[in-house]
>>> print(open('coords.txt').read())   # compact mmCIF, C-alpha atoms and all ligand atoms
# COMPACT_ATOMS: atom_id res chain seq x y z
CA ASP V 1 -51.85 16.05 33.83
CA LYS V 2 -48.73 15.75 31.70
CA ASN V 3 -50.75 15.60 28.43
CA MET V 4 -53.22 18.35 29.13
CA ASN V 5 -52.32 20.77 26.40
CA PHE V 6 -51.21 18.41 23.66
CA GLU V 7 -52.84 18.37 20.23
CA ASN V 8 -52.39 15.79 17.53
CA HIS V 9 -51.84 18.35 14.75
CA LEU V 10 -48.92 19.25 12.54
CA ASP V 11 -49.17 22.93 13.50
CA PHE V 12 -49.01 22.06 17.15
CA ALA V 13 -45.98 19.79 16.70
CA GLN V 14 -44.14 22.40 14.65
CA ALA V 15 -44.88 25.06 17.24
CA GLN V 16 -43.35 22.80 19.91
CA ASP V 17 -40.26 22.40 17.77
CA GLN V 18 -40.02 26.17 17.35
CA GLN V 19 -40.00 26.61 21.13
CA ASP V 20 -37.55 23.77 21.71
CA GLU V 21 -34.25 25.22 22.92
CA LEU V 22 -32.45 22.06 21.75
CA LYS V 23 -33.92 22.15 18.23
CA SER V 24 -30.62 23.05 16.56
CA TYR V 25 -29.00 19.78 17.71
CA ARG V 26 -31.00 17.77 15.19
CA ASP V 27 -28.80 19.25 12.49
CA LYS V 28 -25.71 17.85 14.14
CA PHE V 29 -26.70 14.26 13.22
CA PHE V 30 -27.08 12.27 10.02
CA PHE V 31 -30.53 10.76 9.49
CA PRO V 32 -30.63 7.65 7.30
CA VAL V 33 -32.37 8.07 3.95
CA ILE V 34 -34.05 4.86 2.82
CA ASN V 35 -35.95 4.60 -0.46
CA ASP V 36 -35.20 8.29 -1.07
CA LYS V 37 -36.99 9.25 2.13
CA GLU V 38 -35.51 10.43 5.41
CA VAL V 39 -36.67 7.85 7.93
CA LEU V 40 -38.49 8.51 11.20
CA TYR V 41 -35.74 7.26 13.50
CA PHE V 42 -36.85 5.97 16.92
CA THR V 43 -34.00 3.57 17.59
CA GLY V 44 -31.51 5.71 19.46
CA ASN V 45 -31.93 3.17 22.28
CA SER V 46 -30.27 0.54 20.10
CA LEU V 47 -27.84 2.50 17.94
CA GLY V 48 -27.64 6.28 18.17
CA LEU V 49 -27.27 8.35 15.02
CA GLN V 50 -23.92 9.51 13.71
CA PRO V 51 -22.81 12.97 14.83
CA LYS V 52 -21.80 14.91 11.72
CA ALA V 53 -18.63 15.98 13.54
CA ALA V 54 -17.52 12.36 14.05
CA LYS V 55 -15.61 12.33 10.78
CA ASP V 56 -13.45 15.33 11.76
CA TYR V 57 -12.66 13.91 15.19
CA LEU V 58 -11.62 10.63 13.61
CA GLN V 59 -9.71 12.35 10.82
CA GLN V 60 -7.63 14.21 13.41
CA GLU V 61 -6.39 10.93 14.85
CA LEU V 62 -5.85 9.34 11.43
CA ASP V 63 -3.81 12.39 10.39
CA ASP V 64 -1.77 12.28 13.57
CA TRP V 65 -1.14 8.58 13.06
CA ALA V 66 0.03 9.26 9.50
CA LYS V 67 2.18 12.14 10.68
CA TRP V 68 3.66 10.66 13.84
CA GLY V 69 3.38 6.89 13.80
CA VAL V 70 4.12 5.62 17.29
CA GLU V 71 5.15 9.11 18.43
CA GLY V 72 1.46 10.02 18.30
CA HIS V 73 1.21 8.53 21.78
CA PHE V 74 2.94 11.68 23.01
CA HIS V 75 2.89 14.17 20.12
CA ALA V 76 -0.62 13.82 18.68
CA LYS V 77 -2.81 16.87 19.24
CA ASN V 78 -4.67 14.72 21.77
CA PRO V 79 -1.86 12.43 22.99
CA TRP V 80 -3.02 8.82 22.75
CA VAL V 81 -1.32 7.74 25.94
CA SER V 82 -3.93 9.70 27.88
CA TYR V 83 -6.74 9.85 25.31
CA HIS V 84 -9.24 8.15 27.62
CA GLU V 85 -8.76 10.95 30.14
CA ILE V 86 -10.29 13.58 27.86
CA LEU V 87 -13.53 11.58 27.84
CA THR V 88 -13.81 11.57 31.62
CA PRO V 89 -15.41 14.96 32.48
CA ALA V 90 -18.40 14.46 30.15
CA THR V 91 -18.76 10.82 31.16
CA ALA V 92 -18.77 11.71 34.85
CA SER V 93 -21.42 14.37 34.41
CA ILE V 94 -23.68 12.06 32.37
CA VAL V 95 -23.84 9.50 35.18
CA GLY V 96 -23.51 11.83 38.18
CA ALA V 97 -20.08 10.69 39.31
CA ASN V 98 -16.80 12.18 40.44
CA GLU V 99 -14.22 12.13 37.68
CA SER V 100 -12.18 9.63 39.69
CA GLU V 101 -15.14 7.23 39.59
CA VAL V 102 -15.47 6.68 35.82
CA VAL V 103 -13.34 5.50 32.95
CA CYS V 104 -14.06 4.75 29.29
CA MET V 105 -12.71 1.33 28.43
CA GLY V 106 -13.52 -2.10 27.08
CA SER V 107 -17.00 -3.23 26.19
CA LEU V 108 -20.08 -3.49 28.35
CA THR V 109 -20.31 -7.21 29.08
CA ASN V 110 -16.53 -7.47 29.42
CA ASN V 111 -16.50 -4.59 31.89
CA LEU V 112 -19.24 -6.21 33.94
CA HIS V 113 -17.23 -9.43 34.14
CA LEU V 114 -14.23 -7.42 35.37
CA LEU V 115 -16.37 -5.64 37.95
CA PHE V 116 -17.85 -8.92 39.15
CA VAL V 117 -14.32 -10.16 39.80
CA SER V 118 -14.05 -7.39 42.36
CA PHE V 119 -17.60 -7.03 43.62
CA TYR V 120 -19.13 -10.48 43.44
CA ARG V 121 -17.11 -12.42 46.00
CA PRO V 122 -19.48 -15.12 47.18
CA THR V 123 -18.87 -16.88 50.48
CA GLU V 124 -20.38 -20.09 51.77
CA THR V 125 -23.26 -18.22 53.35
CA ARG V 126 -23.53 -15.06 51.29
CA PHE V 127 -23.61 -15.94 47.60
CA LYS V 128 -26.91 -14.94 45.98
CA ILE V 129 -27.47 -12.40 43.25
CA ILE V 130 -30.88 -10.74 43.12
CA SER V 131 -31.82 -9.59 39.69
CA GLU V 132 -34.70 -8.88 37.32
CA ALA V 133 -36.48 -11.64 35.42
CA LYS V 134 -36.06 -11.53 31.64
CA MET V 135 -32.84 -9.58 31.76
CA PHE V 136 -31.04 -8.71 28.58
CA PRO V 137 -29.55 -12.08 27.54
CA SER V 138 -25.93 -10.93 27.79
CA ASP V 139 -26.49 -9.93 31.42
CA ARG V 140 -28.18 -13.21 32.16
CA TYR V 141 -25.22 -15.12 30.65
CA LEU V 142 -22.91 -12.94 32.71
CA LEU V 143 -24.71 -13.95 35.91
CA GLU V 144 -24.92 -17.59 34.99
CA THR V 145 -21.26 -17.95 34.08
CA GLN V 146 -20.02 -15.88 37.02
CA VAL V 147 -21.97 -18.06 39.40
CA ARG V 148 -20.65 -21.24 37.76
CA HIS V 149 -17.13 -19.82 37.87
CA HIS V 150 -17.45 -19.84 41.66
CA GLY V 151 -18.66 -23.43 41.60
CA LEU V 152 -22.24 -22.48 42.41
CA ASP V 153 -25.53 -23.57 40.91
CA PRO V 154 -27.31 -20.77 39.00
CA ASP V 155 -30.70 -22.11 40.08
CA GLU V 156 -29.74 -21.54 43.69
CA ALA V 157 -27.58 -18.48 43.40
CA ILE V 158 -29.61 -16.31 41.01
CA ILE V 159 -32.90 -15.03 42.39
CA GLU V 160 -35.05 -13.34 39.78
CA VAL V 161 -37.79 -10.91 40.62
CA ALA V 162 -40.58 -11.14 38.04
CA PRO V 163 -43.69 -9.10 37.34
CA ARG V 164 -46.76 -10.48 39.08
CA ASP V 165 -49.16 -12.59 37.02
CA GLY V 166 -50.95 -10.47 34.47
CA GLU V 167 -48.56 -7.52 34.95
CA HIS V 168 -45.71 -6.31 32.75
CA LEU V 169 -43.67 -4.31 35.21
CA ILE V 170 -41.72 -5.40 38.27
CA ARG V 171 -43.02 -3.90 41.49
CA GLU V 172 -40.33 -2.25 43.55
CA GLU V 173 -41.96 -3.55 46.74
CA ASP V 174 -41.41 -7.09 45.41
CA ILE V 175 -37.72 -6.42 44.80
CA ILE V 176 -37.30 -5.03 48.29
CA GLN V 177 -39.22 -7.96 49.77
CA THR V 178 -36.97 -10.41 47.90
CA ILE V 179 -33.82 -8.68 49.16
CA ASN V 180 -35.14 -8.77 52.72
CA ASP V 181 -36.25 -12.40 52.39
CA ASN V 182 -32.67 -13.28 51.45
CA ALA V 183 -31.04 -10.84 53.84
CA ASP V 184 -28.47 -13.32 55.16
CA SER V 185 -27.53 -14.91 51.84
CA VAL V 186 -27.55 -12.11 49.26
CA ALA V 187 -24.14 -10.93 48.05
CA LEU V 188 -25.19 -8.66 45.22
CA VAL V 189 -28.25 -6.81 43.91
CA PHE V 190 -27.79 -6.38 40.17
CA PHE V 191 -30.33 -4.68 37.91
CA GLY V 192 -30.57 -2.77 34.67
CA GLY V 193 -31.07 0.91 35.50
CA VAL V 194 -33.72 0.97 32.79
CA ASN V 195 -35.14 -2.37 31.69
CA TYR V 196 -34.36 -2.80 28.01
CA PHE V 197 -37.67 -4.53 27.22
CA THR V 198 -40.29 -2.51 29.07
CA GLY V 199 -38.44 0.77 29.55
CA GLN V 200 -39.10 0.62 33.31
CA VAL V 201 -36.71 2.72 35.40
CA PHE V 202 -35.70 1.14 38.70
CA ASP V 203 -35.16 3.24 41.79
CA MET V 204 -31.41 2.76 41.95
CA GLU V 205 -30.99 4.84 45.07
CA LYS V 206 -33.58 2.83 46.96
CA LEU V 207 -32.35 -0.56 45.76
CA THR V 208 -28.79 0.38 46.71
CA GLN V 209 -29.91 1.47 50.14
CA VAL V 210 -31.84 -1.75 50.75
CA ALA V 211 -28.94 -3.87 49.44
CA HIS V 212 -26.56 -2.12 51.82
CA SER V 213 -28.96 -2.47 54.72
CA VAL V 214 -28.66 -6.27 54.49
CA GLY V 215 -24.90 -6.24 53.90
CA ALA V 216 -24.92 -6.72 50.12
CA LEU V 217 -23.52 -4.60 47.29
CA ALA V 218 -25.50 -2.99 44.45
CA GLY V 219 -24.44 -2.82 40.80
CA PHE V 220 -26.26 -1.67 37.67
CA ASP V 221 -26.14 -2.18 33.94
CA LEU V 222 -26.82 1.29 32.55
CA ALA V 223 -26.96 0.41 28.84
CA HIS V 224 -30.44 1.93 28.59
CA ALA V 225 -29.94 4.59 31.24
CA ALA V 226 -26.73 6.43 30.33
CA GLY V 227 -27.59 9.48 28.25
CA ASN V 228 -31.31 8.77 28.72
CA ILE V 229 -32.20 9.60 32.32
CA PRO V 230 -30.44 11.71 34.95
CA LEU V 231 -28.22 9.59 37.19
CA LYS V 232 -26.51 10.35 40.48
CA LEU V 233 -24.39 7.27 40.96
CA HIS V 234 -22.09 8.87 43.52
CA ASP V 235 -24.82 10.34 45.70
CA TRP V 236 -26.90 7.20 45.44
CA ASN V 237 -23.93 5.32 46.82
CA VAL V 238 -24.05 2.76 43.98
CA ASP V 239 -21.10 0.37 44.27
CA PHE V 240 -20.39 -0.19 40.58
CA ALA V 241 -21.97 0.16 37.14
CA ALA V 242 -21.14 -0.22 33.47
CA TRP V 243 -22.72 0.91 30.22
CA CYS V 244 -22.16 0.91 26.49
CA THR V 245 -21.90 4.11 24.48
CA TYR V 246 -23.43 3.15 21.15
CA LYS V 247 -27.06 3.48 22.28
CA TYR V 248 -28.10 6.91 23.59
CA LEU V 249 -24.49 8.08 23.53
CA ASN V 250 -24.19 7.80 19.73
CA SER V 251 -20.64 6.45 19.56
CA SER V 252 -21.09 3.88 16.71
CA ALA V 253 -21.61 0.13 16.69
CA GLY V 254 -19.70 -1.84 19.32
CA ASN V 255 -17.59 1.14 20.36
CA CYS V 256 -15.74 1.56 23.64
CA ALA V 257 -17.85 1.31 26.81
CA ALA V 258 -17.44 2.82 30.29
CA LEU V 259 -17.62 1.87 33.93
CA PHE V 260 -18.18 3.39 37.36
CA VAL V 261 -16.60 2.38 40.66
CA HIS V 262 -17.62 4.38 43.71
CA ASP V 263 -14.73 6.25 45.35
CA LYS V 264 -15.22 4.29 48.55
CA HIS V 265 -14.01 1.24 46.60
CA GLY V 266 -11.81 3.05 44.10
CA ASP V 267 -9.63 4.40 46.88
CA ASP V 268 -9.00 0.87 48.10
CA THR V 269 -6.24 -0.53 45.92
CA SER V 270 -6.27 -3.79 47.87
CA ILE V 271 -9.54 -4.82 46.21
CA ASN V 272 -8.98 -7.92 44.12
CA ARG V 273 -9.20 -7.40 40.37
CA PHE V 274 -7.94 -8.66 37.03
CA GLY V 275 -5.10 -6.34 36.15
CA GLY V 276 -3.38 -5.06 33.04
CA TRP V 277 -0.77 -2.42 32.38
CA TRP V 278 -3.26 0.41 31.84
CA GLY V 279 -4.59 -0.01 35.36
CA HIS V 280 -1.07 0.16 36.79
CA ASN V 281 0.30 3.25 38.54
CA LYS V 282 0.65 5.55 35.55
CA GLU V 283 3.86 7.20 36.75
CA ARG V 284 5.49 3.78 36.67
CA ARG V 285 3.57 2.22 33.76
CA PHE V 286 6.49 2.32 31.36
CA LEU V 287 9.11 1.11 33.82
CA MET V 288 7.85 -2.37 32.99
CA GLU V 289 8.10 -3.59 36.56
CA ASN V 290 6.88 -6.97 37.62
CA THR V 291 4.42 -6.31 40.41
CA PHE V 292 0.97 -4.87 39.66
CA GLU V 293 0.28 -1.68 41.55
CA PRO V 294 -3.27 -0.53 40.73
CA MET V 295 -4.11 3.12 40.24
CA THR V 296 -6.73 4.54 42.57
CA GLY V 297 -10.17 5.23 41.15
CA ALA V 298 -12.02 3.60 38.28
CA GLU V 299 -8.86 3.83 36.14
CA GLY V 300 -7.41 1.11 38.32
CA TRP V 301 -9.81 -1.34 36.62
CA GLN V 302 -8.39 -0.60 33.15
CA VAL V 303 -6.68 -3.49 31.46
CA SER V 304 -5.52 -2.44 28.01
CA ASN V 305 -4.41 0.76 26.31
CA ALA V 306 -7.03 3.10 24.89
CA PRO V 307 -8.67 2.32 21.49
CA VAL V 308 -8.19 5.84 20.18
CA MET V 309 -10.03 5.65 16.84
CA GLY V 310 -13.28 4.59 18.45
CA MET V 311 -12.79 6.99 21.31
CA ALA V 312 -12.43 9.87 18.86
CA VAL V 313 -15.91 9.12 17.53
CA LEU V 314 -17.23 8.78 21.07
CA LYS V 315 -15.74 12.17 21.90
CA SER V 316 -17.64 13.82 19.05
CA SER V 317 -20.87 12.80 20.78
CA LEU V 318 -19.78 13.35 24.38
CA ASP V 319 -18.86 16.93 23.52
CA ILE V 320 -22.47 17.48 22.47
CA PHE V 321 -23.77 15.95 25.70
CA HIS V 322 -21.41 18.12 27.69
CA GLU V 323 -22.71 21.22 25.98
CA VAL V 324 -26.39 20.30 26.39
CA GLY V 325 -26.24 18.75 29.87
CA MET V 326 -28.52 15.99 31.13
CA GLU V 327 -30.96 18.40 32.77
CA ARG V 328 -31.97 20.18 29.58
CA LEU V 329 -31.99 16.89 27.74
CA ARG V 330 -34.29 15.31 30.29
CA ALA V 331 -36.65 18.29 30.27
CA LYS V 332 -37.14 17.89 26.53
CA SER V 333 -37.27 14.12 26.80
CA LEU V 334 -40.12 14.18 29.33
CA LYS V 335 -42.18 16.33 27.01
CA LEU V 336 -41.31 14.49 23.80
CA THR V 337 -42.10 11.05 25.20
CA ALA V 338 -45.33 12.31 26.78
CA TYR V 339 -46.24 13.67 23.34
CA LEU V 340 -45.54 10.30 21.72
CA GLU V 341 -47.72 8.62 24.33
CA PHE V 342 -50.49 11.14 23.68
CA VAL V 343 -50.35 10.85 19.88
CA PHE V 344 -50.17 7.06 20.05
CA ASN V 345 -53.17 6.74 22.35
CA ASP V 346 -55.11 9.35 20.38
CA ILE V 347 -54.76 7.23 17.25
CA VAL V 348 -55.10 3.67 18.53
CA LYS V 349 -58.35 4.43 20.30
CA GLU V 350 -59.93 4.90 16.86
CA PHE V 351 -58.99 1.35 15.88
CA PRO V 352 -60.23 -1.09 18.51
CA ASN V 353 -59.83 -4.02 16.09
CA VAL V 354 -56.03 -3.93 16.48
CA GLN V 355 -54.96 -3.93 20.11
CA LEU V 356 -51.75 -2.07 20.74
CA GLU V 357 -50.84 -1.40 24.33
CA ILE V 358 -48.03 0.64 25.85
CA ILE V 359 -46.48 -1.46 28.64
CA THR V 360 -43.91 1.16 29.74
CA PRO V 361 -44.81 2.94 33.00
CA THR V 362 -47.16 5.89 32.51
CA ASP V 363 -45.39 7.74 35.34
CA PRO V 364 -42.69 9.87 33.64
CA GLU V 365 -40.42 9.42 36.66
CA ARG V 366 -40.46 5.66 36.14
CA ARG V 367 -39.39 5.72 32.50
CA GLY V 368 -36.85 7.24 30.14
CA CYS V 369 -37.64 8.18 26.56
CA GLN V 370 -38.57 4.68 25.38
CA LEU V 371 -42.13 3.44 25.01
CA SER V 372 -42.63 -0.29 24.50
CA VAL V 373 -45.75 -1.29 22.63
CA LYS V 374 -47.21 -4.76 22.95
CA LEU V 375 -48.85 -6.06 19.78
CA LEU V 376 -51.89 -7.93 21.03
CA GLY V 377 -54.22 -8.24 18.08
CA THR V 378 -51.45 -8.60 15.52
CA ASP V 379 -47.92 -9.92 15.04
CA LYS V 380 -44.50 -9.05 13.65
CA SER V 381 -45.95 -8.37 10.21
CA PHE V 382 -47.35 -5.16 11.68
CA PHE V 383 -43.88 -4.11 12.72
CA ASN V 384 -42.54 -4.99 9.27
CA ALA V 385 -45.20 -2.81 7.68
CA LEU V 386 -44.16 0.08 9.93
CA THR V 387 -40.58 -0.33 8.74
CA GLU V 388 -41.76 -0.42 5.11
CA ALA V 389 -43.55 2.86 5.75
CA GLY V 390 -40.30 4.52 6.87
CA VAL V 391 -40.39 4.15 10.65
CA ILE V 392 -37.20 2.72 12.13
CA ALA V 393 -38.18 1.21 15.46
CA ASP V 394 -37.24 -2.20 16.76
CA PHE V 395 -38.91 -5.46 17.51
CA ARG V 396 -38.20 -7.66 20.51
CA GLU V 397 -39.54 -11.20 20.68
CA PRO V 398 -42.20 -12.23 21.20
CA ASP V 399 -44.41 -9.21 20.54
CA VAL V 400 -42.96 -5.85 21.55
CA VAL V 401 -42.08 -2.82 19.43
CA ARG V 402 -39.79 -0.32 21.12
CA LEU V 403 -40.00 3.36 20.18
CA ALA V 404 -37.42 5.74 21.58
CA PRO V 405 -37.60 9.40 20.59
CA ALA V 406 -34.09 10.63 21.44
CA PRO V 407 -34.34 14.20 22.71
CA LEU V 408 -31.03 15.20 21.17
CA TYR V 409 -32.22 14.75 17.60
CA ASN V 410 -35.87 13.71 17.45
CA SER V 411 -38.53 16.38 16.98
CA PHE V 412 -42.18 16.79 17.88
CA GLU V 413 -42.86 16.73 14.15
CA ASP V 414 -41.20 13.27 13.98
CA VAL V 415 -43.69 12.11 16.58
CA TYR V 416 -46.63 13.66 14.77
CA ARG V 417 -45.55 12.06 11.49
CA PHE V 418 -45.12 8.71 13.19
CA GLY V 419 -48.74 9.04 14.36
CA GLN V 420 -49.92 9.70 10.82
CA THR V 421 -48.00 6.66 9.54
CA LEU V 422 -49.49 4.53 12.30
CA LYS V 423 -52.95 5.82 11.47
CA SER V 424 -52.80 4.95 7.79
CA LEU V 425 -51.38 1.53 8.62
CA LEU V 426 -54.13 0.81 11.14
CA ALA V 427 -56.80 2.01 8.70
CA SER V 428 -55.78 -0.64 6.19
CA TRP V 429 -54.93 -3.44 8.64
C1 LIG F 501 -27.16 -3.35 24.70
C2 LIG F 501 -27.03 -4.13 25.94
C3 LIG F 501 -25.96 -5.01 26.15
C4 LIG F 501 -24.93 -5.23 25.06
O1 LIG F 501 -23.74 -5.72 25.58
P1 LIG F 501 -22.35 -5.58 24.78
O2 LIG F 501 -21.37 -6.15 25.70
O3 LIG F 501 -22.16 -4.11 24.49
O4 LIG F 501 -22.49 -6.33 23.50
C5 LIG F 501 -25.87 -5.68 27.35
N1 LIG F 501 -26.80 -5.50 28.31
C6 LIG F 501 -27.85 -4.66 28.14
C7 LIG F 501 -28.85 -4.48 29.25
C8 LIG F 501 -28.00 -3.97 26.95
O5 LIG F 501 -29.05 -3.16 26.79
>>> encode(input="coords.txt", output="structure tokens", more="lines below")
Ligand SMILES: *Cc1c(COP(=O)(O)O)cnc(C)c1O
Amino acid sequence: DKNMNFENHLDFAQAQDQQDELKSYRDKFFFPVINDKEVLYFTGNSLGLQPKAAKDYLQQELDDWAKWGVEGHFHAKNPWVSYHEILTPATASIVGANESEVVCMGSLTNNLHLLFVSFYRPTETRFKIISEAKMFPSDRYLLETQVRHHGLDPDEAIIEVAPRDGEHLIREEDIIQTINDNADSVALVFFGGVNYFTGQVFDMEKLTQVAHSVGALAGFDLAHAAGNIPLKLHDWNVDFAAWCTYKYLNSSAGNCAALFVHDKHGDDTSINRFGGWWGHNKERRFLMENTFEPMTGAEGWQVSNAPVMGMAVLKSSLDIFHEVGMERLRAKSLKLTAYLEFVFNDIVKEFPNVQLEIITPTDPERRGCQLSVKLLGTDKSFFNALTEAGVIADFREPDVVRLAPAPLYNSFEDVYRFGQTLKSLLASW
């Protein structure tokens, strides 16, 4: 049992922190102080905290800009013309890819649109996209408008797999059944790696394998997966993926995103795409020739030159991830989230008048660090009271509070203190 030895005591939590080999990383981040009190921050799944080093990384580029002007493209300490390349090793290791398979660029939804240009090529017979019900709205709008762009009807072309009646999670067997039921007409299987609402992790390797077995491609939105759970995109044979970097990857609001294209596609420069000069053969980029000649690899999907200021901030966080590695991060995450689950359940069972239920999978392999709590016997005012009490979590309509202890900077003591806050709130509710 994953919870066997847990205790809901301050001493116990502090002892866990003492033994935590990643404990020193907490000090590398700024925690917001609201009403003179450092908050309990559980929203790294929405906007990660600021690395204290971010300012120096950014200052370096501002100084080089002041010093060099346009010459900074070649003479800056980190030359801007290739700035995106220094983000690649860490990015590749976070998602389990070859370096040729990833590039930092653009923004998440934009990147997905670009990838759909290449990997959603519906034909008269094979045109359907199989996806999860209640996707993140931006992804749903992506699907709807892509389908319409090809002159198709979203009601026919988008097949959503929903949880069964009375259930919160989508059963993998139902996804597989849906793919097989549409074996001759499905073009693309497209899921979030981790569902943003419930925190459910989908078996990306399995879904990819089933998609391929019927002749379809498989793509994933990894907004809630990158930096949260271990990924092996290359080995899983995933066709394409994209993710933002401001959630678990702590890069700041709206900052540069990233994408993955498997080498089996990246090596094929004949694949149709929407081009721009940064995706052009880099040896010939500045010859200003007329005909687009894509680079091999994910870089061949780049459109515009690198937004260096944002990327500098992203680098300050990626360097931390590179040092820690996803394996150590996941090991702590499994324990920290199991502790949150334990503390939460230990407290709510004392207050049967207010029904709070965790809808995230109980199996640690089927979830990342996030736990989603359904407010059954109460409403958003309960969430507001939590915020008042110094807990920064988030609320998703109609009735879910998401709590994400980020293993890089959250502590066992944070979790214990959250429990105490919850307890005093429930006692007076
Ligand atoms: C956060 C998130 C987005 C946000 O998209 P942007 O293009 O970065 O604004 C999209 N999809 C999912 C699943 C998300 O979690």
>>> atom_distance(input="coords.txt", atom1="CA of Leu259 (chain V)", atom2="CA of Glu283 (chain V)")
22.3 Å
>>> atom_distance(input="coords.txt", atom1="CA of Arg328 (chain V)", atom2="CA of Tyr25 (chain V)")
12.2 Å
>>> closest_atom_pairs(input="coords.txt", of="chain V", to="ligand LIG 501 (chain F)", cutoff="7 Å", atoms="all atoms listed in the file", output="Markdown table")
| residue | atom | partner | partner_atom | distance |
| --- | --- | --- | --- | --- |
| V:Ser46 | CA | F:LIG501 | C1 | 6.8 |
| V:Ser107 | CA | F:LIG501 | O2 | 5.3 |
| V:Leu108 | CA | F:LIG501 | O2 | 4.0 |
| V:Thr109 | CA | F:LIG501 | O2 | 3.7 |
| V:Asn110 | CA | F:LIG501 | O2 | 6.2 |
| V:Met135 | CA | F:LIG501 | C7 | 6.9 |
| V:Phe136 | CA | F:LIG501 | C7 | 4.8 |
| V:Ser138 | CA | F:LIG501 | C5 | 5.3 |
| V:Asp139 | CA | F:LIG501 | N1 | 5.4 |
| V:Gly192 | CA | F:LIG501 | C7 | 5.9 |
| V:Tyr196 | CA | F:LIG501 | O5 | 5.5 |
| V:Asp221 | CA | F:LIG501 | C7 | 5.9 |
| V:Leu222 | CA | F:LIG501 | C7 | 7.0 |
| V:Ala223 | CA | F:LIG501 | O5 | 4.6 |
| V:His224 | CA | F:LIG501 | O5 | 5.6 |
| V:Cys244 | CA | F:LIG501 | O3 | 5.4 |
| V:Gly254 | CA | F:LIG501 | O3 | 6.2 |
>>> closest_atom_pairs(input="coords.txt", of="region 228-261 of chain V", to="region 285-301 of chain V", cutoff="12 Å", atoms="all atoms listed in the file", output="CSV")
residue,atom,partner,partner_atom,distance
V:Asp239,CA,V:Ala298,CA,11.3
V:Phe240,CA,V:Ala298,CA,9.5
V:Ala241,CA,V:Ala298,CA,10.6
V:Ala242,CA,V:Ala298,CA,11.0
V:Ala258,CA,V:Ala298,CA,9.7
V:Leu259,CA,V:Ala298,CA,7.3
V:Phe260,CA,V:Ala298,CA,6.2
V:Val261,CA,V:Ala298,CA,5.3
>>> residues_around(input="coords.txt", residues="Asn410 (chain V)", least_positions_apart="2", cutoff="9 Å", atoms="all atoms listed in the file", output="list of chain:residue names")
V:Lys23, V:Arg26, V:Leu40, V:Tyr41, V:Phe42, V:Leu336, V:Pro405, V:Ala406, V:Pro407, V:Leu408, V:Phe412, V:Glu413, V:Asp414, V:Val415
>>> atom_distance(input="coords.txt", atom1="CA of Arg330 (chain V)", atom2="CA of Ala225 (chain V)")
11.6 Å
>>> closest_residue(input="coords.txt", among="V:Glu173, V:Thr421, V:Ser411, V:Leu152", to="Asp20 (chain V)", atoms="all atoms listed in the file")
V:Ser411
>>> closest_residue(input="coords.txt", among="V:Leu188, V:Gly151, V:Gly310, V:Leu114", to="Gln59 (chain V)", atoms="all atoms listed in the file")
V:Gly310
>>> residues_around(input="coords.txt", residues="Asp203 (chain V)", least_positions_apart="4", cutoff="10 Å", atoms="all atoms listed in the file", output="list in words")
Glu172, Gly193, Val194, Leu207, Thr208, Trp236, Glu365 and Arg366 of chain V
>>> write_last_selection(input="coords.txt", atoms="C-alpha atoms", output="CSV table (one decimal), in the frame of the given file")
chain,number,residue,atom,x,y,z
V,172,GLU,CA,-40.3,-2.2,43.6
V,193,GLY,CA,-31.1,0.9,35.5
V,194,VAL,CA,-33.7,1.0,32.8
V,207,LEU,CA,-32.4,-0.6,45.8
V,208,THR,CA,-28.8,0.4,46.7
V,236,TRP,CA,-26.9,7.2,45.4
V,365,GLU,CA,-40.4,9.4,36.7
V,366,ARG,CA,-40.5,5.7,36.1
>>> residues_around(input="coords.txt", residues="Asp181 (chain V)", least_positions_apart="2", cutoff="12 Å", atoms="all atoms listed in the file", output="ChimeraX atom specification")
/V:128,130,159,161,173-179,183-186,210-211,214
>>> closest_residue(input="coords.txt", among="V:Tyr141, V:Ala389, V:Ile129, V:Met309", to="Glu156 (chain V)", atoms="all atoms listed in the file")
V:Ile129
>>> closest_residue(input="coords.txt", among="V:Ile392, V:Gly419, V:Ser131, V:Ala54", to="Phe31 (chain V)", atoms="only C-alpha atoms")
V:Ile392
>>> residues_around(input="coords.txt", residues="Asn255 (chain V)", least_positions_apart="6", cutoff="12 Å", atoms="all atoms listed in the file", output="ChimeraX atom specification")
/V:47-48,104-108,243-247,249,306-315
>>> residues_around(input="coords.txt", residues="Asn345 (chain V)", least_positions_apart="5", cutoff="10 Å", atoms="all atoms listed in the file", output="ChimeraX atom specification")
/V:339-340,350,356-358,419
